[in-house]
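Enquirer: Can you keep this structure in mind? I'll have questions shortly.
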Amino acid sequence: MIASGRVNEAQIAAGVERARAALAPDVIRIRYTFADDWTGDPSIFFRIVLSDDASRKARLGETAERVEGVIRNEVDPEEFGLHSYFNYRIVSELAELPEPAWA
Amino acid sequence: MPYADHLLEQAHHLAKRERKRPRQASPRRTVSAAYYALFHLLISEAARNWKRVDQRALLARFFEHGKMRTASDRQRGECQRFISAIPPPVPGPEFECMRHLHRVANAFIQAQQQRHTADYDNATQRTRADALTLISKVALVFESWRVVRDEPAAQAYLISPSN
C-alpha cells in the first residue's frame with residue numbers, strides 16, 4: 001500500500017504538467033497511478049503517450065530516456081519515497097485500440 | 001555473451017509479429033525476452049571473471065532477480081548522486097562511466113518491473129509501443145555495457161548482488 005501521507009498529489013500533478021509542457025510535441029499526455037511495484041515498494045507508474053513522429057525517431061530508447069529524465073526532474077518521485085516506472089503508447093496505437101486509462 | 005544477444009534478437013523478432021493488432025502473447029513475450037537479454041548479459045559478464053570456464057554456467061545460477069534489483073537500485077542512486085553533484089563533476093572518463101552505468105542499472109529496474117507485469121498481470125494490456133521502447137532501451141544498455149565493462153565501477157556493480 002502507498003504511504004499516502006508522504007505524497008503531495010498537488011505537487012506531483014504540477015510537476016507532471018511542467019514535464020508535459022517541456023516535452024511537447026513529442027509527448028502528448030502523461031497519466032499516472034500510485035501502486036506498489038513487484039517487490040512491494042510504493043511506486044508511481046507513469047503512462048506516456050508519444051506522438052507518432054516521436055515514436056519514429058531512430059533511437060526510441062534515447063527518446064524514452066530523455067522523457068523519463070525530464071519527468072524525474074520535474075516530479076522528483078524519490079522525494080516522496082516512490083520508485084518511478086514508465087510505460088508508453090503511441091497516439092495512432094490508441095486510436096486503433098483505445099484504453100480508458102490512457103485517455 | 002551470445003545467449004544475451006540471441007535473446008535480444010528474439011525480442012526484436014517477436015515485436016515484429018502482427019504489426020497492426022498484436023495478440024497479447026507477442027508484446028508480453030517481447031518484454032520478457034528483452035528483460036532476460038539484460039539479465040543474462042549481466043550474469044554472463046559476472047561469470048566471465050571466474051577462471052574455470054566449465055564452472056561459469058553453474059556460477060551464473062547464483063544470481064537472483066531480487067538481489068540484482070537491489071544492487072541496481074543502489075548503483076543507480078550512486079550514479080545519480082555523482083552526476084547531479086554540486087559542484088557538477090568534471091566531464092571526463094569517470095563521468096562517462098557513471099552515465100553509462102546509470103543507464104544500465106536504471107534499465108534493469110525498469111525492465112524487471114515490466115517483465116513481471118507482462119508475465120503475471122493479465123489485466124494490464126501490453127502493446128507494441130511498450131515492447132519497442134523496452135527493446136530500444138535494452139539495446140542502448142548493450143552498447144553502454146561494452147563501453148564500461150572493464151571499468152572498476154562496472155565490475156563492482158556486477159559482483160554487488162552477492163553483498
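In the C-alpha cells, each chain is lettered A, B, ... as it comes, each chain's residues begin at 1, and ligands are numbered from 1 in order of appearance.
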Residues of chain B that have any atom at most 9 Å from an atom of chain A: could you tabulate them with the shortest-distance atom pair and the distance in Å to one decimal, using only C-alpha atoms, ordered by chain and increasing number, as a tab-separated table?

Expert:
residue	atom	partner	partner_atom	distance
B:Lys20	CA	A:Glu93	CA	8.6
B:Arg21	CA	A:Leu97	CA	8.3
B:Gly66	CA	A:Thr39	CA	7.9
B:Arg103	CA	A:Glu65	CA	8.5
B:Ile109	CA	A:Tyr85	CA	8.7
B:Gln110	CA	A:Tyr85	CA	6.2
B:Gln112	CA	A:Trp38	CA	8.9
B:Gln113	CA	A:Trp38	CA	6.5
B:Gln114	CA	A:Asn87	CA	8.4
B:His116	CA	A:Trp38	CA	6.9
B:Thr117	CA	A:Trp38	CA	8.1
B:Gln125	CA	A:Glu99	CA	8.7
B:Thr127	CA	A:Arg89	CA	7.4
B:Arg128	CA	A:Arg89	CA	8.1
B:Ala129	CA	A:Arg89	CA	5.2
B:Asp130	CA	A:Tyr88	CA	5.2
B:Ala131	CA	A:Tyr88	CA	8.8
B:Leu132	CA	A:Leu60	CA	7.7
B:Thr133	CA	A:Gly61	CA	5.7
B:Leu134	CA	A:Gly61	CA	7.1
B:Ile135	CA	A:Gly61	CA	7.7
B:Ser136	CA	A:Gly61	CA	4.5
B:Lys137	CA	A:Gly61	CA	4.3
B:Val138	CA	A:Gly61	CA	7.9
B:Ala139	CA	A:Gly61	CA	8.0
B:Leu140	CA	A:Gly61	CA	6.9

Enquirer: Check the DSSP output for the backbone and give back, as JSON, numbers by chain, the residues of range 37-99 of chain A in strand (DSSP E or B).

Expert: {"A": [42, 43, 44, 45, 46, 47, 48, 49, 50, 83, 84, 85, 86, 87, 88, 89, 90]}

Enquirer: Pull C-alpha atoms from the residues just selected and write them as a CSV table (one decimal), in the first residue's frame.

Expert:
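Written file, result-v5.csv:
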chain,number,residue,atom,x,y,z
A,42,PRO,CA,5.5,2.2,-3.1
A,43,SER,CA,5.7,3.5,-6.7
A,44,ILE,CA,4.3,5.8,-9.3
A,45,PHE,CA,3.6,4.3,-12.7
A,46,PHE,CA,3.6,6.9,-15.5
A,47,ARG,CA,1.7,6.3,-18.7
A,48,ILE,CA,3.2,8.4,-21.5
A,49,VAL,CA,1.5,8.9,-24.9
A,50,LEU,CA,4.1,9.7,-27.6
A,83,HIS,CA,10.0,4.4,-7.2
A,84,SER,CA,9.1,5.5,-10.7
A,85,TYR,CA,8.2,3.3,-13.7
A,86,PHE,CA,7.3,4.3,-17.3
A,87,ASN,CA,5.1,2.7,-19.9
A,88,TYR,CA,4.4,4.0,-23.4
A,89,ARG,CA,1.7,4.2,-26.1
A,90,ILE,CA,1.7,5.9,-29.5

Enquirer: Measuring atom to atom with only C-alpha atoms, identify which of A:Glu79, A:Glu68, A:Asp53, A:Glu17 is nearest to Arg31 in chain A.

Expert: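 Of A:Glu79, A:Glu68, A:Asp53, A:Glu17, the one nearest Arg31 in chain A, counting only C-alpha atoms, is A:Glu17.
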
Enquirer: Which residues are close to Arg18 in chain A, i.e. within 9 Å by only C-alpha atoms, leaving aside same-chain residues fewer than 5 positions away? Reply as a list in words.

Expert: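 The residues that qualify are Ala13, Leu23, Ile71, Glu74 and Val75 of chain A.
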
Enquirer: Rank nothing, just name the residue among B:Thr124, B:Ser160, B:Asp54, B:Ile83 nearest to Pro100 in chain A, using only C-alpha atoms.

Expert: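 Of B:Thr124, B:Ser160, B:Asp54, B:Ile83, the one nearest Pro100 in chain A, counting only C-alpha atoms, is B:Thr124.
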
Enquirer: Between CA of Pro91 in chain B and CA of Ala107 in chain B, measure the distance and give it in Å to one decimal.

Expert: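 These two atoms are separated by 22.8 Å.
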
Enquirer: Determine, counting only C-alpha atoms, which protein, DNA and RNA residues have an atom within 10 Å of an atom of Arg6 in chain A; residues of the same chain fewer than 5 positions away are not included. Present the result as a short mmCIF file (atom, residue, chain, number, x, y, z; two decimals) with N, CA and C atoms, in the first residue's frame.

Expert:
data_model
loop_
_atom_site.label_atom_id
_atom_site.label_comp_id
_atom_site.auth_asym_id
_atom_site.auth_seq_id
_atom_site.Cartn_x
_atom_site.Cartn_y
_atom_site.Cartn_z
N GLU A 79 11.55 12.04 -3.75
CA GLU A 79 11.29 12.93 -2.61
C GLU A 79 10.13 12.41 -1.77
N PHE A 80 9.20 11.72 -2.44
CA PHE A 80 8.02 11.18 -1.74
C PHE A 80 8.19 9.70 -1.41
N GLY A 81 9.40 9.19 -1.57
CA GLY A 81 9.66 7.79 -1.28
C GLY A 81 9.08 6.84 -2.30
N LEU A 82 8.94 7.32 -3.55
CA LEU A 82 8.33 6.49 -4.60
C LEU A 82 9.36 6.07 -5.64
#

Enquirer: Find the residues around Ser72 in chain B up to 8 Å (only C-alpha atoms counted), leave out those fewer than 4 positions away in its own chain, and share them as a list in words.

Expert: Met68, Arg76, Ala105, Asn106, Phe108, Ile109 and Tyr157 of chain B

Enquirer: Grab the residues selected above and save them as an mmCIF file, in the first residue's frame with C-alpha atoms.

Expert:
data_model
loop_
_atom_site.group_PDB
_atom_site.id
_atom_site.type_symbol
_atom_site.label_atom_id
_atom_site.label_comp_id
_atom_site.auth_asym_id
_atom_site.auth_seq_id
_atom_site.Cartn_x
_atom_site.Cartn_y
_atom_site.Cartn_z
ATOM 1 C CA MET B 68 20.118 -7.865 -8.752
ATOM 2 C CA ARG B 76 21.561 3.890 -9.839
ATOM 3 C CA ALA B 105 21.134 -0.018 -13.639
ATOM 4 C CA ASN B 106 18.058 2.066 -14.417
ATOM 5 C CA PHE B 108 17.476 -3.206 -15.373
ATOM 6 C CA ILE B 109 14.991 -1.943 -12.757
ATOM 7 C CA TYR B 157 28.354 -3.455 -9.800
#

Enquirer: How many Å lie between CA of Thr30 in chain B and CA of Ala15 in chain B, rounded to one decimal?

Expert: 5.9 Å

Enquirer: Just how far from CA of Cys79 in chain B is CA of Phe63 in chain B, in Å to one decimal?

Expert: 22.1 Å

Enquirer: Using DSSP on the backbone coordinates, identify the residues of chain A assigned to helix (DSSP H, G or I); present them as a PyMOL selection string.

Expert: chain A and resi 4-6+9-23+52-55+60-75+77-80+91-96+100-102

Enquirer: For Arg146 in chain B, find every residue with an atom within 12 Å (counting only C-alpha atoms), except residues of its own chain fewer than 4 positions away, and show them as a PDB file with N, CA and C atoms, in the first residue's frame.

Expert:
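Contents of out.pdb, freshly written:
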ATOM      1  N   MET B   1      29.076 -13.106 -24.971  1.00  0.00           N
ATOM      2  CA  MET B   1      27.712 -13.095 -24.432  1.00  0.00           C
ATOM      3  C   MET B   1      26.677 -13.458 -25.490  1.00  0.00           C
ATOM      4  N   LEU B  41      22.934 -10.859 -19.926  1.00  0.00           N
ATOM      5  CA  LEU B  41      24.125 -10.060 -20.238  1.00  0.00           C
ATOM      6  C   LEU B  41      24.943  -9.860 -18.963  1.00  0.00           C
ATOM      7  N   LEU B  42      24.257  -9.430 -17.894  1.00  0.00           N
ATOM      8  CA  LEU B  42      24.969  -9.094 -16.659  1.00  0.00           C
ATOM      9  C   LEU B  42      25.528 -10.329 -15.960  1.00  0.00           C
ATOM     10  N   GLU B  45      28.497 -11.695 -17.860  1.00  0.00           N
ATOM     11  CA  GLU B  45      29.671 -10.848 -17.667  1.00  0.00           C
ATOM     12  C   GLU B  45      30.287 -11.085 -16.293  1.00  0.00           C
ATOM     13  N   CYS B  97      31.629   7.038 -17.438  1.00  0.00           N
ATOM     14  CA  CYS B  97      31.403   5.705 -16.862  1.00  0.00           C
ATOM     15  C   CYS B  97      30.145   5.713 -15.997  1.00  0.00           C
ATOM     16  N   HIS B 100      26.987   5.876 -18.167  1.00  0.00           N
ATOM     17  CA  HIS B 100      26.652   4.582 -18.781  1.00  0.00           C
ATOM     18  C   HIS B 100      26.122   3.594 -17.730  1.00  0.00           C
ATOM     19  N   LEU B 101      26.759   3.590 -16.563  1.00  0.00           N
ATOM     20  CA  LEU B 101      26.311   2.650 -15.516  1.00  0.00           C
ATOM     21  C   LEU B 101      24.912   3.010 -15.016  1.00  0.00           C
ATOM     22  N   VAL B 104      22.533   1.491 -17.393  1.00  0.00           N
ATOM     23  CA  VAL B 104      22.420   0.033 -17.223  1.00  0.00           C
ATOM     24  C   VAL B 104      21.534  -0.298 -16.023  1.00  0.00           C
ATOM     25  N   ALA B 139      18.825  -2.330 -25.946  1.00  0.00           N
ATOM     26  CA  ALA B 139      19.888  -2.252 -26.957  1.00  0.00           C
ATOM     27  C   ALA B 139      20.908  -1.170 -26.581  1.00  0.00           C
ATOM     28  N   LEU B 140      20.423  -0.053 -26.053  1.00  0.00           N
ATOM     29  CA  LEU B 140      21.339   1.004 -25.593  1.00  0.00           C
ATOM     30  C   LEU B 140      22.205   0.504 -24.435  1.00  0.00           C
ATOM     31  N   VAL B 141      21.597  -0.310 -23.563  1.00  0.00           N
ATOM     32  CA  VAL B 141      22.362  -0.865 -22.439  1.00  0.00           C
ATOM     33  C   VAL B 141      23.491  -1.759 -22.952  1.00  0.00           C
ATOM     34  N   PHE B 142      23.203  -2.562 -23.963  1.00  0.00           N
ATOM     35  CA  PHE B 142      24.259  -3.417 -24.524  1.00  0.00           C
ATOM     36  C   PHE B 142      25.430  -2.553 -25.010  1.00  0.00           C
ATOM     37  N   ASP B 150      35.001  -3.040 -18.479  1.00  0.00           N
ATOM     38  CA  ASP B 150      36.254  -3.296 -17.760  1.00  0.00           C
ATOM     39  C   ASP B 150      36.580  -2.239 -16.711  1.00  0.00           C
ATOM     40  N   GLU B 151      35.690  -1.283 -16.554  1.00  0.00           N
ATOM     41  CA  GLU B 151      35.928  -0.238 -15.541  1.00  0.00           C
ATOM     42  C   GLU B 151      35.712  -0.824 -14.142  1.00  0.00           C
ATOM     43  N   ALA B 154      32.122  -0.722 -12.895  1.00  0.00           N
ATOM     44  CA  ALA B 154      31.234  -1.683 -13.559  1.00  0.00           C
ATOM     45  C   ALA B 154      31.452  -3.085 -12.995  1.00  0.00           C
TER      46      ALA B 154
END

Enquirer: Ranking B:Ala156, B:Arg74, B:Ile43, B:Tyr36 by minimum distance to Leu58 in chain B and counting only C-alpha atoms, which one comes first?

Expert: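 Under the stated criterion, the closest residue is B:Ile43.
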